[in-house]
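A.B. asks: This is target.txt, which holds compact mmCIF, N, CA and C atoms:
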# COMPACT_ATOMS: atom_id res chain seq x y z
N MET A 1 0.82 -1.20 0.00
CA MET A 1 0.00 0.00 0.00
C MET A 1 0.87 1.26 0.00
N ALA A 2 1.93 1.25 0.78
CA ALA A 2 2.77 2.45 0.89
C ALA A 2 3.43 2.79 -0.44
N PHE A 3 3.84 1.77 -1.19
CA PHE A 3 4.45 2.05 -2.49
C PHE A 3 3.44 2.64 -3.46
N GLY A 4 2.19 2.22 -3.35
CA GLY A 4 1.14 2.80 -4.19
C GLY A 4 0.91 4.26 -3.87
N VAL A 5 0.93 4.60 -2.60
CA VAL A 5 0.77 6.00 -2.20
C VAL A 5 1.96 6.82 -2.68
N LEU A 6 3.15 6.28 -2.53
CA LEU A 6 4.36 6.97 -2.99
C LEU A 6 4.30 7.21 -4.50
N ALA A 7 3.91 6.19 -5.25
CA ALA A 7 3.83 6.33 -6.71
C ALA A 7 2.76 7.34 -7.10
N THR A 8 1.65 7.36 -6.39
CA THR A 8 0.58 8.32 -6.69
C THR A 8 1.04 9.74 -6.42
N VAL A 9 1.67 9.96 -5.29
CA VAL A 9 2.16 11.30 -4.94
C VAL A 9 3.21 11.75 -5.95
N ASN A 10 4.12 10.87 -6.33
CA ASN A 10 5.12 11.21 -7.34
C ASN A 10 4.48 11.53 -8.67
N GLY A 11 3.50 10.75 -9.07
CA GLY A 11 2.83 10.98 -10.34
C GLY A 11 2.09 12.30 -10.38
N VAL A 12 1.38 12.61 -9.30
CA VAL A 12 0.66 13.89 -9.23
C VAL A 12 1.64 15.05 -9.24
N GLY A 13 2.73 14.93 -8.50
CA GLY A 13 3.75 15.98 -8.49
C GLY A 13 4.39 16.17 -9.85
N ASP A 14 4.68 15.07 -10.53
CA ASP A 14 5.25 15.17 -11.89
C ASP A 14 4.29 15.86 -12.84
N PHE A 15 3.02 15.49 -12.75
CA PHE A 15 2.01 16.09 -13.63
C PHE A 15 1.88 17.59 -13.37
N LEU A 16 1.76 17.96 -12.10
CA LEU A 16 1.59 19.38 -11.77
C LEU A 16 2.81 20.20 -12.15
N SER A 17 3.99 19.66 -11.92
CA SER A 17 5.19 20.41 -12.29
C SER A 17 5.29 20.58 -13.80
N SER A 18 4.90 19.56 -14.55
CA SER A 18 4.92 19.67 -16.01
C SER A 18 3.93 20.71 -16.50
N VAL A 19 2.76 20.75 -15.89
CA VAL A 19 1.75 21.74 -16.28
C VAL A 19 2.24 23.15 -15.99
N VAL A 20 2.78 23.37 -14.80
CA VAL A 20 3.24 24.71 -14.42
C VAL A 20 4.40 25.16 -15.30
N VAL A 21 5.40 24.32 -15.47
CA VAL A 21 6.55 24.70 -16.29
C VAL A 21 6.14 24.87 -17.75
N GLY A 22 5.26 24.02 -18.23
CA GLY A 22 4.78 24.17 -19.60
C GLY A 22 4.03 25.47 -19.81
N ALA A 23 3.21 25.84 -18.83
CA ALA A 23 2.48 27.11 -18.93
C ALA A 23 3.43 28.30 -18.89
N LEU A 24 4.42 28.24 -18.01
CA LEU A 24 5.41 29.32 -17.95
C LEU A 24 6.19 29.42 -19.26
N TRP A 25 6.56 28.28 -19.81
CA TRP A 25 7.32 28.24 -21.06
C TRP A 25 6.49 28.85 -22.19
N SER A 26 5.21 28.47 -22.27
CA SER A 26 4.35 28.98 -23.34
C SER A 26 4.08 30.47 -23.19
N ALA A 27 3.91 30.92 -21.96
CA ALA A 27 3.53 32.32 -21.74
C ALA A 27 4.73 33.26 -21.75
N PHE A 28 5.87 32.83 -21.19
CA PHE A 28 6.99 33.75 -20.98
C PHE A 28 8.30 33.32 -21.62
N GLY A 29 8.40 32.08 -22.06
CA GLY A 29 9.62 31.61 -22.69
C GLY A 29 10.40 30.64 -21.82
N ILE A 30 11.41 30.07 -22.44
CA ILE A 30 12.19 29.03 -21.78
C ILE A 30 12.99 29.55 -20.59
N SER A 31 13.45 30.80 -20.66
CA SER A 31 14.29 31.31 -19.57
C SER A 31 13.50 31.44 -18.27
N VAL A 32 12.24 31.82 -18.35
CA VAL A 32 11.42 31.93 -17.14
C VAL A 32 11.12 30.53 -16.59
N ALA A 33 10.79 29.60 -17.48
CA ALA A 33 10.50 28.24 -17.04
C ALA A 33 11.73 27.61 -16.38
N PHE A 34 12.90 27.79 -16.99
CA PHE A 34 14.13 27.24 -16.42
C PHE A 34 14.47 27.92 -15.10
N SER A 35 14.30 29.22 -15.02
CA SER A 35 14.59 29.94 -13.78
C SER A 35 13.68 29.47 -12.65
N TYR A 36 12.41 29.28 -12.95
CA TYR A 36 11.46 28.77 -11.96
C TYR A 36 11.92 27.40 -11.45
N SER A 37 12.30 26.53 -12.38
CA SER A 37 12.77 25.20 -11.99
C SER A 37 14.05 25.27 -11.16
N ALA A 38 14.95 26.16 -11.53
CA ALA A 38 16.21 26.30 -10.80
C ALA A 38 15.98 26.80 -9.38
N VAL A 39 15.07 27.75 -9.22
CA VAL A 39 14.76 28.26 -7.88
C VAL A 39 14.14 27.17 -7.02
N LEU A 40 13.22 26.40 -7.58
CA LEU A 40 12.63 25.30 -6.81
C LEU A 40 13.67 24.25 -6.45
N PHE A 41 14.57 23.94 -7.38
CA PHE A 41 15.64 22.99 -7.09
C PHE A 41 16.52 23.49 -5.95
N ALA A 42 16.95 24.74 -6.03
CA ALA A 42 17.84 25.30 -5.00
C ALA A 42 17.15 25.32 -3.64
N THR A 43 15.88 25.67 -3.62
CA THR A 43 15.12 25.69 -2.37
C THR A 43 15.02 24.28 -1.79
N GLY A 44 14.71 23.31 -2.62
CA GLY A 44 14.61 21.93 -2.16
C GLY A 44 15.94 21.40 -1.65
N ALA A 45 17.02 21.70 -2.37
CA ALA A 45 18.34 21.25 -1.94
C ALA A 45 18.71 21.87 -0.59
N PHE A 46 18.42 23.15 -0.42
CA PHE A 46 18.70 23.82 0.85
C PHE A 46 17.92 23.17 1.99
N LEU A 47 16.64 22.89 1.76
CA LEU A 47 15.82 22.29 2.81
C LEU A 47 16.30 20.88 3.17
N VAL A 48 16.72 20.11 2.17
CA VAL A 48 17.24 18.77 2.45
C VAL A 48 18.54 18.85 3.24
N LEU A 49 19.42 19.74 2.85
CA LEU A 49 20.69 19.90 3.58
C LEU A 49 20.44 20.40 5.00
N ARG A 50 19.51 21.30 5.15
CA ARG A 50 19.19 21.83 6.48
C ARG A 50 18.60 20.74 7.37
N ALA A 51 17.71 19.93 6.82
CA ALA A 51 17.12 18.84 7.60
C ALA A 51 18.19 17.83 7.98
N GLY A 52 19.11 17.55 7.08
CA GLY A 52 20.19 16.61 7.38
C GLY A 52 21.10 17.13 8.47
N SER A 53 21.41 18.42 8.45
CA SER A 53 22.29 18.98 9.48
C SER A 53 21.59 19.03 10.83
N ALA A 54 20.27 19.20 10.84
CA ALA A 54 19.52 19.18 12.10
C ALA A 54 19.55 17.77 12.70
N GLU A 55 19.42 16.75 11.85
CA GLU A 55 19.51 15.37 12.33
C GLU A 55 20.90 15.08 12.88
N ASP A 56 21.94 15.54 12.20
CA ASP A 56 23.31 15.33 12.67
C ASP A 56 23.53 16.01 14.02
N ALA A 57 22.96 17.20 14.21
CA ALA A 57 23.12 17.92 15.47
C ALA A 57 22.41 17.17 16.60
N LYS A 58 21.25 16.60 16.32
CA LYS A 58 20.53 15.83 17.35
C LYS A 58 21.32 14.59 17.75
N LYS A 59 21.90 13.91 16.77
CA LYS A 59 22.68 12.70 17.07
C LYS A 59 23.93 13.04 17.87
N ALA A 60 24.56 14.15 17.55
CA ALA A 60 25.79 14.54 18.23
C ALA A 60 25.54 14.96 19.68
N SER A 61 24.38 15.55 19.93
CA SER A 61 24.12 16.06 21.28
C SER A 61 23.52 15.01 22.21
N GLY A 62 23.09 13.92 21.67
CA GLY A 62 22.48 13.05 22.63
C GLY A 62 22.24 11.69 22.26
Would you give me this structure, written as structure tokens?
C.D. replies:
Amino acid sequence: MAFGVLATVNGVGDFLSSVVVGALWSAFGISVAFSYSAVLFATGAFLVLRAGSAEDAKKASG
């Protein structure tokens, strides 16, 4: 069941991201669509790194 939920969430996310980036590309061009994707990537990477460092700090302190 859990893999089905994971696949569904991934599929919905893929679909929504394709729709948003496609709309941005059609309306404003490739540079806006790419910039939007780059900002989301950088934000996600920062949040993952931040969450990892918080876990490391918890393990080190106790």
A.B. asks: CA of Val9 (chain A) and CA of Phe41 (chain A), how far apart in Å?
C.D. replies: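 Taking CA of Phe41 (chain A) as the start and CA of Val9 (chain A) as the end point, the length is 18.0 Å.
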A.B. asks: Kindly list the centre and edge lengths in Å, rounded to one decimal, for the axis-aligned box that covers all listed atoms of region 30-35 of chain A plus 6 Å on each of its six sides, as lines of an AutoDock Vina configuration file.
C.D. replies:
center_x = 12.5
center_y = 29.6
center_z = -17.5
size_x = 16.1
size_y = 16.7
size_z = 21.8
A.B. asks: Figure out the distance between CA of Ser17 (chain A) and CA of Phe34 (chain A), please, to one decimal in Å.
C.D. replies: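 About the pair CA of Phe34 (chain A) and CA of Ser17 (chain A): they are 12.0 Å apart.
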A.B. asks: Could you state the separation of atom N of Val20 (chain A) and atom N of Ser35 (chain A) in Å, given to one decimal place?
C.D. replies: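 If I compute the distance from atom N of Val20 (chain A) to atom N of Ser35 (chain A), I get 12.9 Å.
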A.B. asks: Near Ala33 (chain A), within 8 Å and counting only N, CA and C atoms, which residues show up once chain neighbours fewer than 3 positions away are dropped, as a ChimeraX atom specification?
C.D. replies: /A:20-26,28-30,36-39
